[in-house]
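**Student:** One structure, pasted below without further comment.
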Amino acid sequence: MTISIIGAGPGGLTCARILQKHGIPVTVYDRDPHPRARNQGGTLDLHADDGQVALREAGLLDEFFAHARPEGQEMRKLDPAGVLLEHHVPAEGELFKPEIDRGQLRGLLLDSLEPGTVRWGSVLEKVELPGCLRFADGTTVETDLVIGADGAWSRVRPAVSAAVPEYSGITFLEAWFDDVENAHPELAALVGHGSAMAADGERCLFAQRNSGDHIRVYVIQSLPADWAGSLGTAEIRARLLDSFSEWSPSMTRMITDNDGPYVDRPLYVLPVPHTWAHTPSVTLLGDAAHLMPPLGVGVNLAMVDACELALALAGSGSVGEAVAVYEKTMLPRSEKYARRLENGAQGLLEVD
């Protein structure tokens with residue numbers, strides 16, 4: 001069989017790694033020109049009952065724990081005045097959901113693959129059934145199976161589904177803080193080793209410690225998707241200060257002291273449920289299949305999807321049979337989580 005994975009994120013790379021462990025050839029195509037073309041984002045937690053299961057199957061669990069930060073499981077809940085309301089400190093040896101930077105996770109997965117597995121700079125334009133990949137440079141590839149692991153705006157999804165992501169009504173504005181122990185000691189003390197959040201019913205600040213002495217803050221509000229538009233950093237900051245005018249200075253430093261510009265991240269979701277008619281030569285995993293609010297399950301589901309699909313391909317008599325086995329489990333599971341997290345982004349604004 002010839003297998004083509006579109007997207008070199010955690011889901012696509014996990015699938016490729018487990019396929020290669022079982023001796024199955026696979027090629028991964030990614031639109032980025034090289035693996036360091038863009039920042040991979042902040043930190044994430046991998047759960048013992050899904051993300052870590054996939055890494056164990058990939059033979060990479062020990063490497064994961066070498067990079068992971070168990071102390072990142074610390075969680076602080078504050079009020080708008082900066083008063084500590086709740087505080088979870090992980091127990092010694094607690095490893096249920098340690099944190100790891102997205103870039104570190106991607107790096108250990110990439111390093112585990114056979115040389116040349118990922119074809120960088122491959123911009124997919126469309127998939128023509130049963131299995132023809134058409135790329136922007138005019139090249140085509142015929143394949144027995146196309147696996148769409150290419151995220152929210154998947155170019156593979158239209159081959160099996162007419163669904164498109166819808167704006168959730170919630171936007172995240174990302175702010176970065178570097179060298180925090182020296183340059184931002186008050187923020188470092190406020191956030192601790194893990195995450196800290198505060199909400200007042202209409203807005204929320206969520207801060208996460210990353211490795212390398214970095215902190216990322218997400219300013220969460222219910223606003224139009226294009227609210228930031230072409231506004232510059234100073235204009236955005238002025239609007240934020242007006243919105244957060246009743247919050248204490250100890251909290252508003254999260255929106256005034258950041259290093260560099262803000263990054264606007266409006267949240268999109270797929271309809272619930274999102275299903276499609278079985279197509280033996282095309283399937284989806286991760287956000288391409290079930291785009292949900294970023295509430296701690298996205299990468300974990302993508303990786304367990306990838307693991308189960310790879311194992312189905314290794315253990316089935318045909319590609320079509322494997323895809324059917326995989327989707328029989330994945331689609332109900334993703335619907336269960338999507339229903340549980342539906343409107344969950346709005347819940348981040350709530351005080352309780």
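Lettering and numbering for the structure tokens are positional, with chains as A, B, ... in the shown order, residues counted from 1 in each chain, and ligands counted from 1 in the shown order.
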Running DSSP on the backbone, which parts of stretch 136-351 of chain A land in strand (DSSP E), as a ChimeraX atom specification?
**Tutor:** /A:140-142,145-148,166-177,195-199,203-210,214-222,263-269,282-284
**Student:** Using only C-alpha atoms, which residues sit within 6 Å of A:Arg76 once same-chain residues fewer than 4 positions away are excluded, as a short mmCIF file (atom, residue, chain, number, x, y, z; two decimals) with N, CA and C atoms, in the first residue's frame?
**Tutor:**
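What follows is the written file selection-v2.cif:
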```cif
data_model
loop_
_atom_site.label_atom_id
_atom_site.label_comp_id
_atom_site.auth_asym_id
_atom_site.auth_seq_id
_atom_site.Cartn_x
_atom_site.Cartn_y
_atom_site.Cartn_z
N GLU A 86 -7.83 29.52 44.06
CA GLU A 86 -7.62 28.07 44.07
C GLU A 86 -6.20 27.79 43.62
N HIS A 87 -5.64 26.68 44.10
CA HIS A 87 -4.25 26.38 43.76
C HIS A 87 -4.06 24.87 43.76
N ALA A 196 -1.94 29.99 35.14
CA ALA A 196 -2.75 30.83 36.03
C ALA A 196 -3.82 31.50 35.19
#
```
**Student:** Just want the 7 Å neighbourhood of stretch 31-45 of chain A, counted on only C-alpha atoms, with same-chain residues fewer than 6 positions away dropped. Output as a VMD selection string.
**Tutor:** chain A and resid 97 to 103 120 to 123 210 216 296
**Student:** Looking at A:Ala238, A:Leu291, A:Ala310, A:Leu46, which one is nearest to A:Val323, with distances taken over only C-alpha atoms?
**Tutor:**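 Under the stated criterion, the closest residue is A:Ala310.
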**Student:** Need the shell around stretch 162-177 of chain A: protein/DNA/RNA residues with any atom at most 6 Å away, counting only C-alpha atoms. Skip same-chain ones fewer than 5 positions apart. Format as an MDAnalysis selection string?
**Tutor:** chainID A and resid 214:222 258:259 262:270
**Student:** Which residues, written as a tab-separated table (two decimals) with C-alpha atoms, in the first residue's frame, have at least one atom at most 6 Å from stretch 24-29 of chain A, with only C-alpha atoms counted and residues fewer than 2 positions away on the same chain left out?
**Tutor:**
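New file selection_37.tsv:
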```
chain	number	residue	atom	x	y	z
A	3	ILE	CA	0.04	5.95	2.25
A	4	SER	CA	0.21	9.74	2.12
A	5	ILE	CA	-0.24	11.92	5.19
A	6	ILE	CA	-0.98	15.61	4.72
A	7	GLY	CA	0.32	17.68	7.63
A	19	LEU	CA	3.39	2.96	10.57
A	20	GLN	CA	7.16	2.85	10.09
A	22	HIS	CA	5.31	-1.76	11.64
A	117	THR	CA	9.81	10.88	5.23
A	118	VAL	CA	8.57	14.49	5.27
A	119	ARG	CA	8.38	16.38	1.97
A	122	SER	CA	4.41	20.62	-0.52
```
**Student:** Mind listing the helix (DSSP H, G or I) residues of stretch 34-184 of chain A, per DSSP on the backbone, as number ranges by chain?
**Tutor:** A: 51-57, 61-67, 70-73, 102-111, 157-159, 180-183
**Student:** What does the file look like for those residues with N, CA and C atoms, as a compact mmCIF listing (two decimals), in the first residue's frame?
**Tutor:**
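The result, stored in part-v1.txt:
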```
# COMPACT_ATOMS: atom_id res chain seq x y z
N GLY A 51 -2.76 10.74 24.85
CA GLY A 51 -1.52 11.17 24.21
C GLY A 51 -0.33 10.33 24.58
N GLN A 52 -0.20 9.99 25.86
CA GLN A 52 0.92 9.16 26.30
C GLN A 52 0.79 7.72 25.78
N VAL A 53 -0.44 7.24 25.61
CA VAL A 53 -0.65 5.91 25.04
C VAL A 53 -0.08 5.86 23.62
N ALA A 54 -0.35 6.92 22.85
CA ALA A 54 0.16 6.98 21.48
C ALA A 54 1.68 7.02 21.47
N LEU A 55 2.28 7.79 22.37
CA LEU A 55 3.74 7.87 22.41
C LEU A 55 4.36 6.54 22.85
N ARG A 56 3.68 5.83 23.73
CA ARG A 56 4.20 4.51 24.13
C ARG A 56 4.19 3.57 22.92
N GLU A 57 3.12 3.60 22.14
CA GLU A 57 3.04 2.76 20.94
C GLU A 57 4.11 3.17 19.92
N LEU A 61 7.95 7.23 24.61
CA LEU A 61 7.47 7.73 25.90
C LEU A 61 8.63 8.18 26.79
N ASP A 62 9.72 7.43 26.80
CA ASP A 62 10.87 7.83 27.62
C ASP A 62 11.44 9.17 27.15
N GLU A 63 11.52 9.36 25.84
CA GLU A 63 12.01 10.64 25.32
C GLU A 63 11.06 11.78 25.68
N PHE A 64 9.77 11.49 25.67
CA PHE A 64 8.81 12.51 26.07
C PHE A 64 9.05 12.95 27.51
N PHE A 65 9.21 12.00 28.42
CA PHE A 65 9.41 12.35 29.83
C PHE A 65 10.74 13.06 30.04
N ALA A 66 11.71 12.85 29.15
CA ALA A 66 12.98 13.57 29.25
C ALA A 66 12.81 15.06 28.96
N HIS A 67 11.78 15.42 28.17
CA HIS A 67 11.53 16.82 27.82
C HIS A 67 10.38 17.43 28.61
N PRO A 70 6.68 17.99 34.53
CA PRO A 70 5.60 17.62 35.46
C PRO A 70 5.16 18.79 36.33
N GLU A 71 6.09 19.70 36.64
CA GLU A 71 5.72 20.86 37.46
C GLU A 71 4.74 21.78 36.73
N GLY A 72 4.66 21.62 35.40
CA GLY A 72 3.73 22.42 34.62
C GLY A 72 2.27 22.09 34.88
N GLN A 73 2.02 21.03 35.64
CA GLN A 73 0.64 20.67 36.00
C GLN A 73 0.07 21.58 37.09
N ARG A 102 5.11 22.59 22.28
CA ARG A 102 4.72 21.99 21.00
C ARG A 102 5.93 21.75 20.10
N GLY A 103 6.85 22.69 20.09
CA GLY A 103 8.04 22.53 19.25
C GLY A 103 8.89 21.35 19.67
N GLN A 104 9.00 21.11 20.98
CA GLN A 104 9.77 19.97 21.47
C GLN A 104 9.11 18.65 21.09
N LEU A 105 7.77 18.60 21.21
CA LEU A 105 7.05 17.38 20.83
C LEU A 105 7.22 17.10 19.34
N ARG A 106 7.08 18.13 18.53
CA ARG A 106 7.25 17.94 17.09
C ARG A 106 8.67 17.49 16.77
N GLY A 107 9.65 18.06 17.47
CA GLY A 107 11.04 17.70 17.21
C GLY A 107 11.34 16.25 17.51
N LEU A 108 10.84 15.74 18.64
CA LEU A 108 11.15 14.34 18.95
C LEU A 108 10.44 13.39 17.99
N LEU A 109 9.25 13.77 17.51
CA LEU A 109 8.56 12.94 16.51
C LEU A 109 9.30 12.97 15.17
N LEU A 110 9.72 14.16 14.75
CA LEU A 110 10.46 14.27 13.48
C LEU A 110 11.75 13.46 13.52
N ASP A 111 12.47 13.56 14.63
CA ASP A 111 13.75 12.86 14.74
C ASP A 111 13.58 11.34 14.73
N ARG A 157 -10.16 17.60 3.83
CA ARG A 157 -11.54 17.45 4.29
C ARG A 157 -12.58 17.56 3.17
N PRO A 158 -12.46 18.53 2.23
CA PRO A 158 -13.50 18.65 1.20
C PRO A 158 -13.69 17.39 0.35
N ALA A 159 -12.73 16.48 0.35
CA ALA A 159 -12.89 15.26 -0.43
C ALA A 159 -13.95 14.33 0.17
N VAL A 180 11.60 35.63 31.70
CA VAL A 180 10.64 36.15 32.68
C VAL A 180 11.21 36.27 34.09
N GLU A 181 12.12 35.39 34.49
CA GLU A 181 12.64 35.47 35.86
C GLU A 181 13.43 36.76 36.08
N ASN A 182 14.06 37.26 35.00
CA ASN A 182 14.83 38.50 35.10
C ASN A 182 14.04 39.72 34.64
N ALA A 183 13.38 39.59 33.48
CA ALA A 183 12.71 40.75 32.89
C ALA A 183 11.29 40.96 33.41
```
**Student:** Compile the contact shell of A:Val160 as a list in words: residues with an atom at most 12 Å away, counting only C-alpha atoms, same-chain residues fewer than 5 positions apart removed.
**Tutor:**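 In the requested form, the answer reads Lys126, Val127, Glu128, Leu129, Pro130, Gly131, Val146, Ile147, Gly148, Ser154, Arg155, His274, Thr275, Trp276, Ala277, His278, Thr279, Pro280, Ser281, Val282, Thr283, Leu284, Ala288 and Ala289 of chain A.
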**Student:** Mind dumping the selected residues with N, CA and C atoms as a PDB file, in the first residue's frame?
**Tutor:**
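Output (part04.pdb):
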```
ATOM      1  N   LYS A 126      -5.763  20.184  -3.708  1.00  0.00           N
ATOM      2  CA  LYS A 126      -6.998  19.419  -3.586  1.00  0.00           C
ATOM      3  C   LYS A 126      -6.702  17.928  -3.678  1.00  0.00           C
ATOM      4  N   VAL A 127      -7.678  17.144  -3.247  1.00  0.00           N
ATOM      5  CA  VAL A 127      -7.636  15.692  -3.385  1.00  0.00           C
ATOM      6  C   VAL A 127      -8.732  15.287  -4.357  1.00  0.00           C
ATOM      7  N   GLU A 128      -8.363  14.537  -5.376  1.00  0.00           N
ATOM      8  CA  GLU A 128      -9.336  14.000  -6.317  1.00  0.00           C
ATOM      9  C   GLU A 128      -9.476  12.511  -6.063  1.00  0.00           C
ATOM     10  N   LEU A 129     -10.710  12.078  -5.821  1.00  0.00           N
ATOM     11  CA  LEU A 129     -10.942  10.661  -5.536  1.00  0.00           C
ATOM     12  C   LEU A 129     -10.684   9.821  -6.768  1.00  0.00           C
ATOM     13  N   PRO A 130     -10.181   8.565  -6.572  1.00  0.00           N
ATOM     14  CA  PRO A 130     -10.031   7.922  -5.271  1.00  0.00           C
ATOM     15  C   PRO A 130      -8.796   8.332  -4.475  1.00  0.00           C
ATOM     16  N   GLY A 131      -7.681   8.742  -5.123  1.00  0.00           N
ATOM     17  CA  GLY A 131      -6.507   9.061  -4.331  1.00  0.00           C
ATOM     18  C   GLY A 131      -5.451   9.817  -5.098  1.00  0.00           C
ATOM     19  N   VAL A 146      -5.160   8.620   1.528  1.00  0.00           N
ATOM     20  CA  VAL A 146      -4.830   9.984   1.911  1.00  0.00           C
ATOM     21  C   VAL A 146      -5.326  10.186   3.340  1.00  0.00           C
ATOM     22  N   ILE A 147      -4.416  10.583   4.236  1.00  0.00           N
ATOM     23  CA  ILE A 147      -4.778  10.861   5.622  1.00  0.00           C
ATOM     24  C   ILE A 147      -4.675  12.363   5.833  1.00  0.00           C
ATOM     25  N   GLY A 148      -5.807  12.995   6.087  1.00  0.00           N
ATOM     26  CA  GLY A 148      -5.833  14.430   6.323  1.00  0.00           C
ATOM     27  C   GLY A 148      -5.519  14.729   7.780  1.00  0.00           C
ATOM     28  N   SER A 154      -8.234  22.225   6.699  1.00  0.00           N
ATOM     29  CA  SER A 154      -7.767  21.073   5.937  1.00  0.00           C
ATOM     30  C   SER A 154      -8.128  21.167   4.451  1.00  0.00           C
ATOM     31  N   ARG A 155      -7.144  20.860   3.601  1.00  0.00           N
ATOM     32  CA  ARG A 155      -7.389  20.747   2.164  1.00  0.00           C
ATOM     33  C   ARG A 155      -7.852  19.341   1.794  1.00  0.00           C
ATOM     34  N   HIS A 274     -19.674  16.006  13.540  1.00  0.00           N
ATOM     35  CA  HIS A 274     -19.094  16.072  12.207  1.00  0.00           C
ATOM     36  C   HIS A 274     -18.768  14.653  11.762  1.00  0.00           C
ATOM     37  N   THR A 275     -19.501  14.159  10.778  1.00  0.00           N
ATOM     38  CA  THR A 275     -19.272  12.816  10.250  1.00  0.00           C
ATOM     39  C   THR A 275     -19.235  12.901   8.727  1.00  0.00           C
ATOM     40  N   TRP A 276     -18.889  11.799   8.102  1.00  0.00           N
ATOM     41  CA  TRP A 276     -18.875  11.739   6.642  1.00  0.00           C
ATOM     42  C   TRP A 276     -19.076  10.288   6.214  1.00  0.00           C
ATOM     43  N   ALA A 277     -19.502  10.118   4.972  1.00  0.00           N
ATOM     44  CA  ALA A 277     -19.683   8.771   4.421  1.00  0.00           C
ATOM     45  C   ALA A 277     -18.319   8.116   4.244  1.00  0.00           C
ATOM     46  N   HIS A 278     -18.244   6.841   4.597  1.00  0.00           N
ATOM     47  CA  HIS A 278     -16.983   6.117   4.493  1.00  0.00           C
ATOM     48  C   HIS A 278     -16.445   6.153   3.069  1.00  0.00           C
ATOM     49  N   THR A 279     -15.212   6.566   2.934  1.00  0.00           N
ATOM     50  CA  THR A 279     -14.503   6.570   1.651  1.00  0.00           C
ATOM     51  C   THR A 279     -13.219   5.785   1.849  1.00  0.00           C
ATOM     52  N   PRO A 280     -13.039   4.636   1.199  1.00  0.00           N
ATOM     53  CA  PRO A 280     -11.898   3.756   1.503  1.00  0.00           C
ATOM     54  C   PRO A 280     -10.531   4.392   1.319  1.00  0.00           C
ATOM     55  N   SER A 281     -10.439   5.425   0.480  1.00  0.00           N
ATOM     56  CA  SER A 281      -9.122   5.966   0.151  1.00  0.00           C
ATOM     57  C   SER A 281      -8.795   7.293   0.849  1.00  0.00           C
ATOM     58  N   VAL A 282      -9.705   7.818   1.674  1.00  0.00           N
ATOM     59  CA  VAL A 282      -9.472   9.101   2.343  1.00  0.00           C
ATOM     60  C   VAL A 282     -10.045   9.041   3.754  1.00  0.00           C
ATOM     61  N   THR A 283      -9.285   9.534   4.720  1.00  0.00           N
ATOM     62  CA  THR A 283      -9.818   9.705   6.063  1.00  0.00           C
ATOM     63  C   THR A 283      -9.135  10.892   6.726  1.00  0.00           C
ATOM     64  N   LEU A 284      -9.629  11.267   7.899  1.00  0.00           N
ATOM     65  CA  LEU A 284      -9.158  12.458   8.600  1.00  0.00           C
ATOM     66  C   LEU A 284      -8.811  12.110  10.036  1.00  0.00           C
ATOM     67  N   ALA A 288      -8.582  18.251  11.652  1.00  0.00           N
ATOM     68  CA  ALA A 288      -9.214  18.095  10.343  1.00  0.00           C
ATOM     69  C   ALA A 288     -10.524  17.338  10.469  1.00  0.00           C
ATOM     70  N   ALA A 289     -10.603  16.440  11.454  1.00  0.00           N
ATOM     71  CA  ALA A 289     -11.797  15.624  11.658  1.00  0.00           C
ATOM     72  C   ALA A 289     -12.744  16.210  12.684  1.00  0.00           C
TER      73      ALA A 289
END
```
**Student:** Could you check which of A:Met197, A:Ala207, A:Cys307, A:Ala152 is closest to A:Val351, using only C-alpha atoms?
**Tutor:**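 Checking each of A:Met197, A:Ala207, A:Cys307, A:Ala152 against A:Val351, counting only C-alpha atoms, the winner is A:Met197.
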**Student:** If we count only C-alpha atoms, what is near A:Ala198 at a cut-off of 7 Å, once residues fewer than 3 positions away on the same chain are taken out, given as a short mmCIF file (atom, residue, chain, number, x, y, z; two decimals) with N, CA, C and O atoms, in the first residue's frame?
**Tutor:**
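Printed below is out.cif as written:
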```
data_model
loop_
_atom_site.label_atom_id
_atom_site.label_comp_id
_atom_site.auth_asym_id
_atom_site.auth_seq_id
_atom_site.Cartn_x
_atom_site.Cartn_y
_atom_site.Cartn_z
N LYS A 77 -5.91 29.67 40.14
CA LYS A 77 -7.06 30.47 39.76
C LYS A 77 -7.05 31.74 40.60
O LYS A 77 -6.98 31.68 41.83
N LEU A 78 -7.10 32.89 39.92
CA LEU A 78 -7.03 34.19 40.56
C LEU A 78 -8.32 34.97 40.31
O LEU A 78 -9.12 34.61 39.43
N ASP A 79 -8.48 36.06 41.05
CA ASP A 79 -9.56 36.98 40.72
C ASP A 79 -8.95 38.20 40.02
O ASP A 79 -7.72 38.31 39.90
N PRO A 80 -9.77 39.12 39.49
CA PRO A 80 -9.22 40.26 38.75
C PRO A 80 -8.29 41.15 39.56
O PRO A 80 -7.55 41.95 38.99
N CYS A 204 -11.17 37.14 30.16
CA CYS A 204 -10.33 36.20 30.89
C CYS A 204 -8.88 36.41 30.49
O CYS A 204 -8.58 36.75 29.34
N LEU A 205 -7.97 36.22 31.44
CA LEU A 205 -6.55 36.15 31.16
C LEU A 205 -6.06 34.76 31.55
O LEU A 205 -6.33 34.30 32.66
N PHE A 206 -5.38 34.12 30.63
CA PHE A 206 -4.87 32.77 30.87
C PHE A 206 -3.39 32.75 30.54
O PHE A 206 -3.00 33.00 29.40
#
```
**Student:** Given the choices A:Val299, A:Met1, A:Ala225, A:Val89, which gets closest to A:Ser195 if the distance is worked out from only C-alpha atoms?
**Tutor:**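 With only C-alpha atoms as the atom set, the closest residue is A:Val89.
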**Student:** Looking at A:Gly298, A:Pro224, A:Pro261, A:Asp200, which one is nearest to A:Glu350, with distances taken over only C-alpha atoms?
**Tutor:**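 Looking only at the distances to A:Glu350, the closest residue turns out to be A:Asp200.
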**Student:** Which of these, A:Met330, A:Glu202, A:Arg237, A:Ala91, has the shortest distance to A:Ala345 once you count only C-alpha atoms?
**Tutor:** A:Glu202
**Student:** Mind pulling up the distance from atom CA of A:Pro185 to atom CA of A:Gly201?
**Tutor:**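 Taking atom CA of A:Gly201 as the start and atom CA of A:Pro185 as the end point, the length is 27.9 Å.
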**Student:** Check the smallest atom-to-atom distance from each of A:Glu186, A:Cys15, A:Thr140, A:Glu74 to A:His88 using only C-alpha atoms, then report the winner.
**Tutor:**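 Ranking A:Glu186, A:Cys15, A:Thr140, A:Glu74 by distance to A:His88, first place goes to A:Glu74.
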